[in-house]
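Source file: structure.txt; contents: compact mmCIF, C-alpha atoms.
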```
# COMPACT_ATOMS: atom_id res chain seq x y z
CA MET A 1380 0.00 0.00 0.00
CA SER A 1381 1.35 3.43 -0.93
CA LYS A 1382 2.48 5.68 1.90
CA ILE A 1383 1.63 8.82 -0.11
CA ASP A 1384 -1.00 10.91 1.65
CA SER A 1385 -4.12 11.01 -0.51
CA LYS A 1386 -5.08 14.39 1.02
CA PRO A 1387 -1.94 16.58 1.08
CA ILE A 1388 -1.99 20.14 2.40
CA GLU A 1389 -3.82 22.27 -0.18
CA ASN A 1390 -1.37 23.59 -2.80
CA SER A 1391 1.62 22.81 -0.55
CA ILE A 1392 4.29 21.19 -2.71
CA LEU A 1393 7.28 21.41 -0.35
CA LYS A 1394 7.47 22.37 3.31
CA VAL A 1395 10.55 22.58 5.51
CA GLU A 1396 10.51 22.85 9.31
CA ASN A 1397 13.56 23.62 11.47
CA LEU A 1398 15.89 22.03 8.92
CA TRP A 1399 19.62 21.73 9.59
CA ILE A 1400 21.85 20.72 6.68
CA GLY A 1401 25.51 19.77 6.39
CA TYR A 1402 27.79 16.79 5.97
CA GLU A 1403 30.06 14.46 7.89
CA SER A 1404 33.55 15.98 8.07
CA SER A 1405 34.85 12.84 9.83
CA SER A 1406 33.48 9.64 11.32
CA THR A 1407 32.65 11.49 14.55
CA SER A 1408 32.07 15.08 13.40
CA ILE A 1409 29.26 16.78 11.48
CA GLN A 1410 29.83 20.10 9.70
CA THR A 1411 26.69 22.24 9.83
CA ILE A 1412 26.23 24.50 6.79
CA ALA A 1413 22.85 26.07 7.59
CA LYS A 1414 20.32 25.70 10.38
CA ASP A 1415 16.77 26.62 11.40
CA ILE A 1416 15.53 26.70 7.78
CA ASN A 1417 11.78 27.16 7.50
CA PHE A 1418 9.65 27.73 4.40
CA GLU A 1419 6.63 26.43 2.53
CA ILE A 1420 6.30 26.47 -1.25
CA LYS A 1421 2.88 26.32 -2.84
CA THR A 1422 2.36 25.34 -6.45
CA PRO A 1423 2.78 26.57 -9.16
CA GLN A 1424 5.89 28.70 -8.63
CA LEU A 1425 9.40 29.36 -9.85
CA VAL A 1426 11.67 29.49 -6.80
CA GLY A 1427 15.40 30.22 -6.88
CA ILE A 1428 18.04 29.37 -4.27
CA VAL A 1429 20.82 31.98 -4.34
CA GLY A 1430 23.82 33.01 -2.29
CA ALA A 1431 27.58 33.38 -2.43
CA ASN A 1432 29.74 30.61 -3.87
CA GLY A 1433 30.20 27.77 -1.37
CA ILE A 1434 27.37 28.93 0.90
CA GLY A 1435 25.52 25.60 0.58
CA LYS A 1436 23.00 26.00 -2.25
CA SER A 1437 23.67 22.58 -3.75
CA THR A 1438 23.77 20.99 -0.28
CA LEU A 1439 20.32 22.39 0.45
CA LEU A 1440 18.94 21.20 -2.87
CA ARG A 1441 20.41 17.72 -2.44
CA SER A 1442 19.03 17.53 1.10
CA LEU A 1443 15.57 18.54 -0.13
CA SER A 1444 15.74 15.79 -2.77
CA GLY A 1445 16.75 13.16 -0.22
CA MET A 1446 20.09 12.51 -1.95
CA GLN A 1447 21.97 13.89 1.05
CA PRO A 1448 20.91 13.16 4.66
CA LYS A 1449 19.64 16.10 6.69
CA ILE A 1450 21.02 16.71 10.17
CA GLU A 1451 17.77 17.73 11.85
CA GLY A 1452 14.26 18.90 11.03
CA GLU A 1453 11.55 17.73 8.68
CA ILE A 1454 10.98 17.89 4.93
CA TYR A 1455 7.42 17.40 3.67
CA LEU A 1456 6.72 16.58 0.03
CA GLN A 1457 3.05 17.22 -0.77
CA GLY A 1458 2.23 16.70 2.91
CA ASN A 1459 4.27 13.48 3.22
CA LYS A 1460 7.45 13.17 5.27
CA LEU A 1461 10.20 12.76 2.69
CA GLN A 1462 11.96 10.04 4.67
CA SER A 1463 8.75 7.95 4.74
CA LEU A 1464 8.64 7.68 0.93
CA ASP A 1465 10.53 5.04 -1.02
CA TYR A 1466 12.43 5.78 -4.23
CA LEU A 1467 9.52 5.01 -6.57
CA GLU A 1468 7.09 7.13 -4.56
CA ARG A 1469 9.50 10.06 -4.56
CA SER A 1470 10.05 9.65 -8.29
CA LYS A 1471 6.35 10.20 -8.93
CA LEU A 1472 6.29 13.39 -6.85
CA MET A 1473 9.66 14.99 -7.56
CA SER A 1474 12.20 14.96 -10.43
CA LEU A 1475 15.79 16.15 -10.36
CA VAL A 1476 18.19 17.80 -12.81
CA LEU A 1477 21.78 17.80 -11.52
CA THR A 1478 24.72 19.97 -12.61
CA GLU A 1479 26.81 16.99 -13.65
CA GLN A 1480 24.85 13.89 -14.62
CA THR A 1481 26.23 10.63 -15.93
CA ILE A 1482 24.37 9.86 -19.14
CA SER A 1483 25.06 7.81 -22.23
CA LYS A 1484 25.64 10.27 -25.04
CA ASN A 1485 25.01 7.46 -27.51
CA LEU A 1486 21.32 7.89 -26.72
CA SER A 1487 19.24 10.05 -29.00
CA VAL A 1488 17.39 13.08 -27.63
CA VAL A 1489 14.05 11.27 -27.62
CA GLU A 1490 15.57 8.16 -26.02
CA LEU A 1491 17.06 10.18 -23.17
CA ILE A 1492 13.80 12.05 -22.57
CA SER A 1493 11.96 8.71 -22.56
CA LEU A 1494 13.93 7.69 -19.46
CA GLY A 1495 11.75 10.11 -17.54
CA ARG A 1496 8.89 7.63 -17.91
CA GLN A 1497 10.68 4.89 -15.94
CA PRO A 1498 8.57 5.34 -12.76
CA TYR A 1499 5.45 4.49 -14.79
CA THR A 1500 6.56 1.77 -17.23
CA ASN A 1501 6.62 -1.96 -16.54
CA TRP A 1502 9.79 -3.89 -15.70
CA TYR A 1503 11.03 -3.99 -19.31
CA GLY A 1504 10.26 -0.34 -19.97
CA LYS A 1505 7.66 -0.60 -22.72
CA LEU A 1506 6.17 2.79 -23.60
CA GLU A 1507 2.40 3.01 -23.84
CA PRO A 1508 0.53 5.64 -25.92
CA LYS A 1509 0.16 7.79 -22.78
CA ASP A 1510 3.95 7.75 -22.27
CA ILE A 1511 4.62 8.75 -25.87
CA GLU A 1512 2.13 11.61 -25.56
CA VAL A 1513 3.91 12.94 -22.45
CA ILE A 1514 7.32 12.63 -24.14
CA ASN A 1515 6.12 14.53 -27.20
CA THR A 1516 4.68 17.26 -24.97
CA ALA A 1517 8.03 17.58 -23.17
CA ILE A 1518 9.84 17.87 -26.49
CA SER A 1519 7.42 20.52 -27.70
CA LEU A 1520 7.60 22.58 -24.48
CA THR A 1521 11.40 22.70 -24.63
CA GLY A 1522 11.60 23.37 -28.37
CA LEU A 1523 13.50 20.19 -29.23
CA GLU A 1524 11.40 19.00 -32.18
CA LYS A 1525 14.11 19.61 -34.82
CA ILE A 1526 16.81 17.67 -32.96
CA ARG A 1527 14.76 14.87 -31.40
CA THR A 1528 16.61 12.16 -33.37
CA LYS A 1529 20.10 13.58 -32.83
CA LYS A 1530 22.58 11.78 -30.60
CA CYS A 1531 23.28 13.56 -27.32
CA ALA A 1532 26.99 13.52 -28.19
CA GLU A 1533 26.22 15.97 -31.03
CA LEU A 1534 24.52 18.55 -28.82
CA SER A 1535 25.80 21.82 -27.41
CA ASP A 1536 25.77 22.39 -23.64
CA GLY A 1537 22.64 24.49 -23.98
CA GLN A 1538 20.82 21.88 -26.05
CA LEU A 1539 21.80 19.08 -23.67
CA GLN A 1540 20.52 21.06 -20.70
CA LYS A 1541 17.18 21.51 -22.45
CA VAL A 1542 17.06 17.74 -22.98
CA MET A 1543 17.69 17.10 -19.27
CA ILE A 1544 14.90 19.52 -18.36
CA ALA A 1545 12.60 17.80 -20.87
CA ARG A 1546 13.39 14.44 -19.27
CA ALA A 1547 12.42 15.85 -15.86
CA PHE A 1548 9.20 17.21 -17.36
CA ALA A 1549 8.43 13.80 -18.90
CA GLN A 1550 8.63 12.34 -15.39
CA GLU A 1551 5.32 14.14 -14.76
CA THR A 1552 6.07 15.34 -11.25
CA ASP A 1553 4.52 18.45 -9.73
CA LEU A 1554 7.94 19.48 -8.38
CA ILE A 1555 11.19 19.72 -10.37
CA LEU A 1556 14.49 20.40 -8.58
CA MET A 1557 17.38 21.78 -10.65
CA ASP A 1558 20.94 22.26 -9.44
CA GLU A 1559 22.49 25.24 -11.28
CA PRO A 1560 20.71 24.58 -14.61
CA THR A 1561 22.59 27.40 -16.40
CA THR A 1562 26.13 26.30 -15.53
CA HIS A 1563 28.58 26.41 -18.50
CA LEU A 1564 26.15 28.46 -20.63
CA ASP A 1565 26.73 31.91 -22.12
CA LEU A 1566 24.60 34.88 -21.08
CA TYR A 1567 22.04 34.42 -23.87
CA HIS A 1568 21.47 30.75 -23.10
CA LYS A 1569 21.35 31.42 -19.34
CA ALA A 1570 18.50 33.86 -19.95
CA TYR A 1571 16.86 31.49 -22.46
CA ILE A 1572 16.86 28.51 -20.08
CA MET A 1573 15.55 30.53 -17.15
CA LYS A 1574 12.81 32.13 -19.22
CA MET A 1575 11.87 28.67 -20.51
CA MET A 1576 11.62 27.47 -16.90
CA LYS A 1577 9.30 30.38 -16.12
CA GLU A 1578 7.09 29.50 -19.09
CA MET A 1579 6.99 25.83 -18.03
CA VAL A 1580 5.70 26.86 -14.61
CA LYS A 1581 3.09 29.12 -16.18
CA ASN A 1582 1.87 26.65 -18.81
CA SER A 1583 2.08 23.32 -16.98
CA ASN A 1584 1.10 24.21 -13.40
CA LYS A 1585 4.37 22.83 -12.02
CA THR A 1586 6.79 24.18 -9.43
CA ILE A 1587 10.48 24.47 -10.25
CA LEU A 1588 13.00 24.96 -7.44
CA PHE A 1589 16.52 25.67 -8.67
CA SER A 1590 19.89 26.82 -7.35
CA SER A 1591 21.73 29.49 -9.31
CA HIS A 1592 24.52 32.06 -9.38
CA GLU A 1593 22.39 34.21 -11.70
CA ILE A 1594 20.92 36.36 -8.94
CA ASP A 1595 19.92 39.26 -11.21
CA LEU A 1596 17.93 36.95 -13.50
CA ALA A 1597 16.39 35.13 -10.54
CA ILE A 1598 15.18 38.42 -9.06
CA GLN A 1599 13.46 39.26 -12.35
CA LEU A 1600 11.83 35.88 -12.95
CA CYS A 1601 11.20 34.12 -9.63
CA ASP A 1602 7.95 34.14 -7.67
CA HIS A 1603 9.84 33.46 -4.44
CA MET A 1604 13.53 33.15 -3.57
CA ILE A 1605 15.57 31.36 -0.92
CA VAL A 1606 18.56 33.53 -0.07
CA MET A 1607 21.39 31.86 1.87
CA THR A 1608 23.72 34.08 3.90
CA ASP A 1609 26.37 33.28 6.51
CA ASN A 1610 23.92 33.82 9.36
CA GLN A 1611 20.45 33.06 8.04
CA VAL A 1612 18.34 31.58 5.26
CA TYR A 1613 15.60 33.90 3.97
CA PHE A 1614 12.46 32.98 2.02
CA ASP A 1615 10.18 35.58 0.45
CA GLU A 1616 9.14 37.33 -2.74
CA PRO A 1617 12.04 39.13 -4.51
CA CYS A 1618 10.52 42.59 -3.97
CA LYS A 1619 10.19 42.00 -0.23
CA LEU A 1620 13.75 40.67 0.02
CA ILE A 1621 14.96 43.82 -1.73
CA GLU A 1622 12.97 46.02 0.65
CA ALA A 1623 14.48 44.19 3.63
CA GLY A 1624 18.02 44.76 2.32
CA VAL A 1625 18.81 41.04 2.18
CA PHE A 1626 20.80 41.20 -1.08
CA GLU A 1627 23.00 44.06 0.13
CA GLY A 1628 24.87 41.77 2.50
CA LEU A 1629 25.58 38.89 0.12
CA PHE A 1630 29.00 40.09 -1.05
CA PRO A 1631 31.81 42.33 0.29
CA LYS A 1632 30.81 45.94 -0.36
CA ASP A 1633 34.34 46.98 -1.33
CA LEU A 1634 33.87 45.25 -4.70
CA ILE A 1635 30.17 44.63 -5.39
CA SER A 1636 27.14 46.66 -4.39
CA PHE A 1637 23.42 46.01 -4.84
CA ASP A 1638 21.23 48.65 -6.45
CA SER A 1639 17.80 48.26 -4.87
CA ASN A 1640 16.21 50.53 -7.48
CA SER A 1641 17.19 48.36 -10.46
CA GLY A 1642 17.42 45.06 -8.56
CA THR A 1643 20.91 44.38 -9.92
CA PHE A 1644 24.47 44.00 -8.66
CA LYS A 1645 27.12 46.45 -9.80
CA LEU A 1646 30.86 46.85 -9.42
CA TYR A 1647 31.61 49.30 -6.66
CA GLN A 1648 33.38 52.39 -7.95
CA LYS A 1649 34.69 55.24 -5.84
CA ASN A 1650 33.60 58.70 -6.92
```
Structure rendered as structure tokens:
Amino acid sequence: MSKIDSKPIENSILKVENLWIGYESSSTSIQTIAKDINFEIKTPQLVGIVGANGIGKSTLLRSLSGMQPKIEGEIYLQGNKLQSLDYLERSKLMSLVLTEQTISKNLSVVELISLGRQPYTNWYGKLEPKDIEVINTAISLTGLEKIRTKKCAELSDGQLQKVMIARAFAQETDLILMDEPTTHLDLYHKAYIMKMMKEMVKNSNKTILFSSHEIDLAIQLCDHMIVMTDNQVYFDEPCKLIEAGVFEGLFPKDLISFDSNSGTFKLYQKN
């Protein structure tokens, strides 16, 4: 019998209570990266995790996915305790796009996207008409129609990232987690991928939670943001985070300053 709650909290896709995250630095020591994290994400939304390099964005995302053990606290996925769900149950509620993923580049685009249907196919992976329909929708949403038969080895970094996002979409989960989805891309393709993510949320009623270094773009596009600092983890709408001065303390002010009027970071220059 499935442990998934048939009556989850209304619209609540992901809830975190008093979460502590970190990792084992030795067999007897645990290194805490962030503590007392509390937020609730309701669907559909685009939510970005931002902060300085090395602050723990990927650690938080991996902890939320269950890939990395939490230290303390609770994570609820659609009203269910994450730790109470097995791998298959999680796979039907949440999909994941990692920065570096081991994939066979001998697969074609459509073959790789088809792997997103694994939680729903039988033991030998036969695709039913419903599966093919979902795969075709994922290809259409990500604009991959013209390269669907290409081998992944022939793709650019930007194209391959779109394929990985399409695979996550084909998994048909209400929540998609993405770890730095614009890594290795130029400015145009960073903006393209993030705008595509925003459109996916709008058109498919899904929630995308992603970590990113592209704070300026995240401020423009996200419904809510999780901002990680040395002392605290903030969760709110971008405009409210700006009003509270949260972004002004992210980086040393002798080099980078935040312009609250434009919502962008600028190099500090003495008059």
Exercise. If we count only C-alpha atoms, what is near segment 1409-1413 of chain A at a cut-off of 8 Å, once residues fewer than 5 positions away on the same chain are taken out, given as a ChimeraX atom specification?
Worked result: /A:1399-1404,1434-1435,1450,1611-1612
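Across the model, the gap from atom CA of Ile1526 of chain A to atom CA of Ser1487 of chain A is 8.9 Å.
All protein, DNA and RNA residues at most 7 Å from (28.4, 38.0, -1.8) are Gly1430, Ala1431, Gly1628, Leu1629, Phe1630 and Pro1631 of chain A, using all atoms listed in the file.
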Exercise. Atom CA of Val1429 of chain A and atom CA of Tyr1466 of chain A, how far apart in Å?
Worked result: 27.5 Å
Exercise. So which residues touch Thr1422 of chain A within 8 Å, counting all atoms listed in the file, skipping near sequence neighbours fewer than 2 positions away, as an NGL selection string?
Worked result: :A and (1390-1392 or 1420 or 1424 or 1553 or 1584-1586)
For this session: Enter the distance from atom CA of Gln1462 of chain A to atom CA of Thr1561 of chain A, in Å, rounded to one decimal.
Result: 29.3 Å
Please report, as JSON, the centre and edge lengths in Å to one decimal of an axis-aligned box covering all listed atoms of segment 1508-1517 of chain A with 4 Å per side.
```
{"center_x": 4.1, "center_y": 11.6, "center_z": -24.7, "size_x": 15.9, "size_y": 19.9, "size_z": 12.9}
```
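The smallest atom-to-atom distance between Val1580 of chain A and any of A:Ile1605, A:Leu1600, A:Met1473, A:Leu1464, using only C-alpha atoms, is found for A:Leu1600.
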Exercise. Quick one: residues within 12 Å of segment 1476-1482 of chain A, all atoms listed in the file counted, chain neighbours fewer than 2 positions away excluded, as a VMD selection string?
Worked result: chain A and resid 1437 to 1438 1440 to 1441 1444 1446 1473 to 1474 1484 to 1488 1490 to 1492 1494 to 1495 1530 to 1532 1536 1539 to 1548 1550 1554 to 1564 1587 to 1591
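Proximity to Asp1602 of chain A was assessed for A:Ala1623, A:Cys1618, A:Leu1398, A:Val1513 counting only C-alpha atoms; the smallest distance is recorded for A:Cys1618.
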